[in-house]
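Q: Okay, here's the structure, questions in a sec.
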Amino acid sequence: MFSLRTFRPHRAVALLACVLIPSFVFAQETPRREIWKAGDMSVTVIQDLPGEMPVSIFSGPTPGEERAKYFTDGKAEAGINAFLLRVGGKIVLFDAGTGTLFPSPGKLAETLASLGVKPEDVDFVLLTHMHMDHIGGLLKEEKRAFPKAKIMVSKPELESWIALAEKDPSNVNAGKVKAVVAAYGSDMLPPFAFGDTPLPGVTALDAVGHTPGHTVFQLTAGGKSLLIAGDVIHAMSLQFALPDECASYDMDPAQAVISRKRIFEMAAQKGIPIAGMHFPFANAVGTVKKDGKGWKFERME
Ligand SMILES: [Zn+2]
């Protein structure tokens with residue numbers, strides 16, 4: 001169950017802290033590459049911003065000393081990704097990165113341009129959830145960044161943020177959700193339910209816990225599938241091996257753990273590759289195998 005009590009406005013501030021840790025790993029100016037192709041679908045990862053997750057934001061049943069072993073100098077390599085799907089002549093984004101919410105502007109727009117995709121070319125944006133590092137890029141100076149795009153998000157996600165905006169007008173993240181809804185108006189399509197296919201070949205899977213309507217998308221084409229797994233993982237080096245560990249951004253940690261394990265189990269059993277919004281760019285997609293009490297991620301080229 002989810003209650004509004006699990007929302008914590010200070011998390012928005014914590015989120016800022018996480019991306020402020022500078023990373024110099026990625027020198028490439030437009031970090032993007034095609035990660036998956038099947039049937040008429042092609043998926044490209046776009047790194048909106050590089051970054052690292054500090055060990056200090058994680059908690060769980062593992063003793064601190066043991067947890068620290070999964071980090072290098074107290075940090076795990078991460079980043080903020082969005083994904084571009086080309087299918088049937090349509091341009092679809094999964095999440096929209098940070099926009100100008102953080103001190104370093106996100107690179108999504110310029111990277112799309114480098115791929116020949118203009119803002120008005122984007123037909124749909126499907127959201128895994130509505131944290132600021134995933135919706136910031138929907139807005140440009142409080143107006144819509146993608147003039148013709150239709151925005152799709154799960155019902156519990158949208159409703160919970162709207163409810164929070166009413167309950168706590170000072171909540172920065174909820175205020176940003178309201179701004180997105182105002183900017184896109186009737187192009188905010190009716191929210192989908194888990195199990196729905198918001199677009200042909202794209203199924204919305206229940207992955208709640210990180211947020212009240214957190215969604216993993218399963219893309220299927222030509223007999224193959226890919227999971228775009230949103231924020232089931234914040235520190236890849238830690239949470240595949242120790243999936244009971246949670247970042248402070250998980251609004252309902254117990255439920256986030258259940259969802260994380262369910263998604264890993266599905267990926268491992270069915271052999272479906274998994275891609276994530278906070279996976280390091282070099283490891284943006286890979287396969288999952290059971291390994292002891294946890295799982296092991298193996299990068300795909
Ligand atoms: Zn996130």
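Residue numbering restarts at 1 for every chain of the structure tokens, chains are lettered A, B, ... in their displayed order, and ligands are numbered from 1 as they appear.
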Quick one: contact table of chain A to ligand 1, 9 Å max, nearest atom pair and distance in Å to one decimal per residue, counting only C-alpha atoms and all ligand atoms, chain and number order, as a tab-separated table?
A:
```
residue	atom	partner	partner_atom_place_in_ligand_line	distance
A:Leu15	CA	ligand 1	1 (Zn)	8.2
A:Ile80	CA	ligand 1	1 (Zn)	7.1
A:Asn81	CA	ligand 1	1 (Zn)	8.9
A:Gly97	CA	ligand 1	1 (Zn)	8.8
A:His129	CA	ligand 1	1 (Zn)	8.3
A:Met130	CA	ligand 1	1 (Zn)	8.7
A:His131	CA	ligand 1	1 (Zn)	6.2
A:Met132	CA	ligand 1	1 (Zn)	7.6
A:Asp133	CA	ligand 1	1 (Zn)	5.6
A:His134	CA	ligand 1	1 (Zn)	6.2
A:Gly230	CA	ligand 1	1 (Zn)	7.3
A:Asp231	CA	ligand 1	1 (Zn)	5.5
A:Ile233	CA	ligand 1	1 (Zn)	8.9
A:His234	CA	ligand 1	1 (Zn)	7.5
A:Tyr249	CA	ligand 1	1 (Zn)	7.9
A:Met277	CA	ligand 1	1 (Zn)	6.6
A:His278	CA	ligand 1	1 (Zn)	6.6
```
Q: Can you write out the residues you just picked, keeping N, CA, C and O atoms, as a compact mmCIF listing (two decimals), in the first residue's frame?
A:
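What ended up in out-v6.txt:
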```txt
# COMPACT_ATOMS: atom_id res chain seq x y z
N LEU A 15 18.08 14.78 -4.20
CA LEU A 15 18.30 14.45 -5.60
C LEU A 15 19.33 15.40 -6.20
O LEU A 15 20.23 14.99 -6.93
N ILE A 80 22.27 9.89 -15.75
CA ILE A 80 20.84 10.06 -16.01
C ILE A 80 20.63 9.83 -17.50
O ILE A 80 21.20 10.55 -18.33
N ASN A 81 19.83 8.82 -17.82
CA ASN A 81 19.60 8.46 -19.22
C ASN A 81 18.14 8.68 -19.62
O ASN A 81 17.24 8.57 -18.79
N GLY A 97 14.82 13.37 -19.07
CA GLY A 97 16.02 13.94 -18.45
C GLY A 97 15.70 15.16 -17.60
O GLY A 97 14.55 15.42 -17.23
N HIS A 129 8.27 7.55 -14.38
CA HIS A 129 7.73 8.20 -13.19
C HIS A 129 8.00 9.69 -13.32
O HIS A 129 8.54 10.13 -14.34
N MET A 130 7.63 10.46 -12.30
CA MET A 130 7.65 11.91 -12.45
C MET A 130 8.61 12.62 -11.50
O MET A 130 8.40 13.77 -11.13
N HIS A 131 9.68 11.95 -11.11
CA HIS A 131 10.74 12.68 -10.40
C HIS A 131 11.35 13.70 -11.36
O HIS A 131 11.34 13.52 -12.59
N MET A 132 11.94 14.72 -10.77
CA MET A 132 12.38 15.87 -11.58
C MET A 132 13.45 15.53 -12.61
O MET A 132 13.53 16.17 -13.65
N ASP A 133 14.28 14.54 -12.29
CA ASP A 133 15.36 14.21 -13.24
C ASP A 133 14.82 13.41 -14.43
O ASP A 133 15.57 13.05 -15.33
N HIS A 134 13.50 13.17 -14.44
CA HIS A 134 12.88 12.42 -15.54
C HIS A 134 11.88 13.27 -16.31
O HIS A 134 11.54 12.94 -17.44
N GLY A 230 13.46 2.13 -15.81
CA GLY A 230 13.30 3.30 -14.95
C GLY A 230 14.32 3.31 -13.83
O GLY A 230 15.52 3.11 -14.06
N ASP A 231 13.81 3.49 -12.61
CA ASP A 231 14.69 3.64 -11.44
C ASP A 231 14.66 2.42 -10.53
O ASP A 231 14.73 2.55 -9.32
N ILE A 233 17.04 0.61 -10.31
CA ILE A 233 18.44 0.60 -9.86
C ILE A 233 18.95 2.03 -9.78
O ILE A 233 18.75 2.81 -10.70
N HIS A 234 19.62 2.36 -8.68
CA HIS A 234 20.33 3.65 -8.61
C HIS A 234 21.84 3.45 -8.62
O HIS A 234 22.57 4.27 -9.14
N TYR A 249 15.92 7.80 -2.45
CA TYR A 249 14.89 8.27 -3.39
C TYR A 249 13.72 7.30 -3.50
O TYR A 249 12.69 7.64 -4.08
N MET A 277 17.53 3.98 -16.32
CA MET A 277 17.73 5.43 -16.40
C MET A 277 18.97 5.88 -15.61
O MET A 277 19.49 6.96 -15.87
N HIS A 278 19.41 5.09 -14.65
CA HIS A 278 20.61 5.48 -13.89
C HIS A 278 21.75 4.47 -14.06
O HIS A 278 22.66 4.43 -13.24
```
Q: Excluding stretch 241-243 of chain A and residues on its chain fewer than 6 positions from it, collect all residues at most 12 Å away from it, counting only C-alpha atoms, and give them as a PyMOL selection string.
A: chain A and resi 58-63+66-70+232-235+253-265+288-297
Q: Going by DSSP on the backbone, which residues of stretch 48-178 of chain A come out as helix (DSSP H, G or I)? List them as a PyMOL selection string.
A: chain A and resi 55-57+64-68+108-114+119-121+132-138+155-167+172-178
Q: Generate a file of the selected residues that holds C-alpha atoms, formatted as a CSV table (one decimal), in the first residue's frame.
A:
```csv
chain,number,residue,atom,x,y,z
A,55,VAL,CA,27.1,5.5,-0.6
A,56,SER,CA,25.6,7.8,2.0
A,57,ILE,CA,22.2,7.7,0.3
A,64,GLY,CA,27.6,-0.3,6.3
A,65,GLU,CA,31.1,-1.7,6.0
A,66,GLU,CA,30.0,-4.4,3.7
A,67,ARG,CA,27.9,-2.0,1.6
A,68,ALA,CA,30.8,0.3,1.2
A,108,LEU,CA,19.0,15.4,-24.2
A,109,ALA,CA,17.9,18.2,-26.6
A,110,GLU,CA,21.3,18.7,-28.2
A,111,THR,CA,21.9,15.0,-28.5
A,112,LEU,CA,18.5,14.5,-30.2
A,113,ALA,CA,19.5,17.3,-32.6
A,114,SER,CA,22.8,15.4,-33.3
A,119,PRO,CA,11.8,18.9,-30.8
A,120,GLU,CA,8.7,18.9,-33.0
A,121,ASP,CA,9.5,15.5,-34.4
A,132,MET,CA,12.4,15.9,-11.6
A,133,ASP,CA,15.4,14.2,-13.2
A,134,HIS,CA,12.9,12.4,-15.5
A,135,ILE,CA,10.4,15.2,-16.4
A,136,GLY,CA,12.7,18.3,-16.3
A,137,GLY,CA,13.4,18.0,-20.0
A,138,LEU,CA,9.7,18.2,-20.9
A,155,LYS,CA,-2.6,6.6,-13.3
A,156,PRO,CA,-1.2,6.1,-9.8
A,157,GLU,CA,1.9,8.2,-10.6
A,158,LEU,CA,0.0,11.2,-12.0
A,159,GLU,CA,-2.7,11.1,-9.4
A,160,SER,CA,-0.3,10.9,-6.4
A,161,TRP,CA,1.7,13.9,-7.6
A,162,ILE,CA,-1.4,16.0,-8.2
A,163,ALA,CA,-2.7,15.1,-4.8
A,164,LEU,CA,0.7,16.0,-3.2
A,165,ALA,CA,0.7,19.3,-5.1
A,166,GLU,CA,-2.6,20.2,-3.5
A,167,LYS,CA,-1.6,18.9,0.0
A,172,VAL,CA,9.2,21.4,-5.5
A,173,ASN,CA,8.8,18.2,-7.5
A,174,ALA,CA,5.0,18.2,-7.3
A,175,GLY,CA,5.1,21.8,-8.5
A,176,LYS,CA,7.1,20.7,-11.5
A,177,VAL,CA,4.5,18.0,-12.2
A,178,LYS,CA,1.8,20.7,-12.2
```
Q: For A:Ala76, which residue among A:Met236, A:Ile228, A:Val208, A:Leu127 is the nearest when counting only C-alpha atoms?
A: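 The answer is A:Met236, which sits nearest to A:Ala76.
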Q: Measuring between only C-alpha atoms, which one of A:Glu301, A:Glu52, A:Asp73, A:Asp95 shows the shortest distance to A:Phe124?
A: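 Checking each candidate against A:Phe124, we get A:Asp95 as the closest.
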Q: Taking the backbone alone, and naming residues the way the document does, which bits of stretch 111-257 of chain A are strand (DSSP E or B) by DSSP, as a CSV table (one decimal) with C-alpha atoms, in the first residue's frame?
A:
```csv
chain,number,residue,atom,x,y,z
A,124,PHE,CA,5.2,10.6,-27.6
A,125,VAL,CA,7.0,10.7,-24.3
A,126,LEU,CA,6.4,7.8,-22.0
A,139,LEU,CA,9.8,22.0,-20.2
A,140,LYS,CA,11.8,24.8,-21.7
A,143,LYS,CA,6.7,25.9,-21.9
A,144,ARG,CA,6.6,22.6,-23.7
A,150,LYS,CA,1.7,13.5,-26.3
A,151,ILE,CA,2.7,12.6,-22.7
A,152,MET,CA,1.8,9.3,-21.2
A,154,SER,CA,0.6,5.7,-15.2
A,188,MET,CA,-1.3,14.7,-21.4
A,192,PHE,CA,-2.5,4.2,-18.4
A,199,LEU,CA,1.7,2.1,-27.6
A,202,VAL,CA,5.0,-1.3,-25.4
A,203,THR,CA,3.6,-2.8,-22.2
A,204,ALA,CA,3.5,-1.0,-18.9
A,205,LEU,CA,4.6,-3.2,-16.0
A,206,ASP,CA,4.0,-2.5,-12.3
A,215,THR,CA,6.6,1.8,-14.4
A,216,VAL,CA,8.9,-0.5,-16.2
A,217,PHE,CA,8.2,-0.7,-20.0
A,218,GLN,CA,8.5,-3.9,-21.9
A,219,LEU,CA,9.2,-3.4,-25.6
A,220,THR,CA,8.5,-6.3,-27.8
A,221,ALA,CA,9.1,-6.6,-31.6
A,224,LYS,CA,12.3,-10.2,-28.8
A,225,SER,CA,11.9,-7.9,-25.8
A,226,LEU,CA,13.7,-5.2,-23.9
A,227,LEU,CA,12.9,-3.8,-20.4
A,228,ILE,CA,13.3,-0.1,-19.9
A,246,CYS,CA,17.6,1.1,-1.4
A,247,ALA,CA,18.5,4.6,-2.3
```
Q: Please compute the atom CA of A:Met41-atom CA of A:Leu189 distance, one decimal, in Å.
A: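 Here the two named atoms are 22.5 Å from each other.
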Q: Would you compute the distance between atom CA of A:Pro191 and atom CA of A:Val153? Give it in Å to one decimal.
A: 5.3 Å
